[in-house]
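Single-structure report; data block below.
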Amino acid sequence: MVLLTGHLDTLAEKQAVEKAVQRVAGVKAIAVELDVKLEPHHHRSDAEIAAAIETAFRWHAAIPEDRIRVMVEKGWVTLTGEVDWHYQRHNAEIVVRSITGVVGLNNNLSLRQREASEYVANRIHDALTRYAEEEAKNIKVVVEGGTATLRGTVATVAEHSAVQAAAWSAPGISRVVNELEVQP
């Protein structure tokens, strides 16, 4: 178990620290008590932050900006709306985290419902097999409707995230239930 405490200058720095700890072998759980304390030159009004996000979304080809609503309150950004793919939701989050003045993010973007099948479950498992053949043997994928449920064990928090990302990338998946356990 790793406890992260302290203050960082930007939300992007906070995310970088979290991701670095996830890649450490043997880490099964992370408690994050980090907060973002902006330097004076990083402070922006909520209106400036919202305008910067809207501009960034317009310039990003993989984000359907017309279907995402942005709300900013005291530097905390909340995204709402519906997108077609998980990568669009993920890209929106990456863009927001890089905007100067943002201290926190609630990504409430939902995915459009699609029909999924057993074929999709096989594609997810095949992607996992390509990722790590030995590790994929310890993972079971069950698809019902648009929901993929992942069960089994992985060796690191990074593998846990990678398996979940593989499931999200499958067409027709609108929800991933990750029941994987980290057991180094």
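In the structure tokens, each chain is lettered A, B, ... as it comes, each chain's residues begin at 1, and ligands are numbered from 1 in order of appearance.
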
Show me, as a list in words, the residues that have an atom within 8 Å of stretch 32-48 of chain A when counting only C-alpha atoms, minus same-chain residues fewer than 2 positions from it. Leu3, Leu4, Thr5, Gly6, His7, Leu8, Asp9, Thr10, Leu11, Lys14, Glu18, Ile30, Ala50, Ala51, Ala52, Val72, Glu73, Lys74, Gly75, Thr100, Gly101, Val103 and Gly104 of chain A

Can you list, as an MDAnalysis selection string, every residue of stretch 12-153 of chain A that DSSP puts in alpha helix (DSSP H)? chainID A and resid 12:22 46:59 86:97 118:131 133:136

Work out how far atom CA of A:Thr156 is from atom CA of A:Val2, in Å to one decimal. 13.2 Å

Looking at only C-alpha atoms, which of A:Met1, A:Leu180, A:Ala165, A:Leu109 is the one that sits closest to A:Arg69? A:Leu109

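For the set A:Val120, A:Leu111, A:Phe57, A:Glu144, the residue with the smallest atom-to-atom gap to A:Asn91 is A:Phe57, counting only C-alpha atoms.
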
Residue among A:Val27, A:Ala56, A:Pro64, A:Gly152 lying closest to A:Ser98, counting only C-alpha atoms: A:Ala56

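The closest residue to A:Val141, picked from A:Val24, A:Val77, A:Ile63, A:Ala170 and counting only C-alpha atoms, is A:Ala170.
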
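For the set A:Tyr87, A:Ala155, A:Lys28, A:Arg112, the residue with the smallest atom-to-atom gap to A:Arg67 is A:Arg112, counting only C-alpha atoms.
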
So that I can see what lies close to A:Glu181, please list as a JSON list (two decimals) with C-alpha atoms, in the first residue's frame the residues with an atom at most 7 Å from it, counting only C-alpha atoms and leaving out residues fewer than 2 positions away in the same chain.
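Below you can see around-v3.json, which holds the result:
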```
[["chain", "number", "residue", "atom", "x", "y", "z"],
["A", 152, "GLY", "CA", -9.02, -12.98, -12.49],
["A", 153, "THR", "CA", -5.60, -11.82, -11.35],
["A", 154, "VAL", "CA", -2.85, -9.55, -12.65],
["A", 179, "GLU", "CA", -13.12, -7.33, -10.77],
["A", 183, "GLN", "CA", -1.51, -10.44, -6.89]]
```

All residues 9 Å or closer to A:Glu65, only C-alpha atoms, same chain fewer than 5 positions away omitted, as number ranges by chain: A: 54, 57-58, 60, 92

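The space separating atom CA of A:Val163 from atom CA of A:Lys19 comes to 15.2 Å.
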
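Closest approach to A:Leu150 among A:Pro171, A:Gln88, A:Ala25, A:Asn178: A:Asn178, based on only C-alpha atoms.
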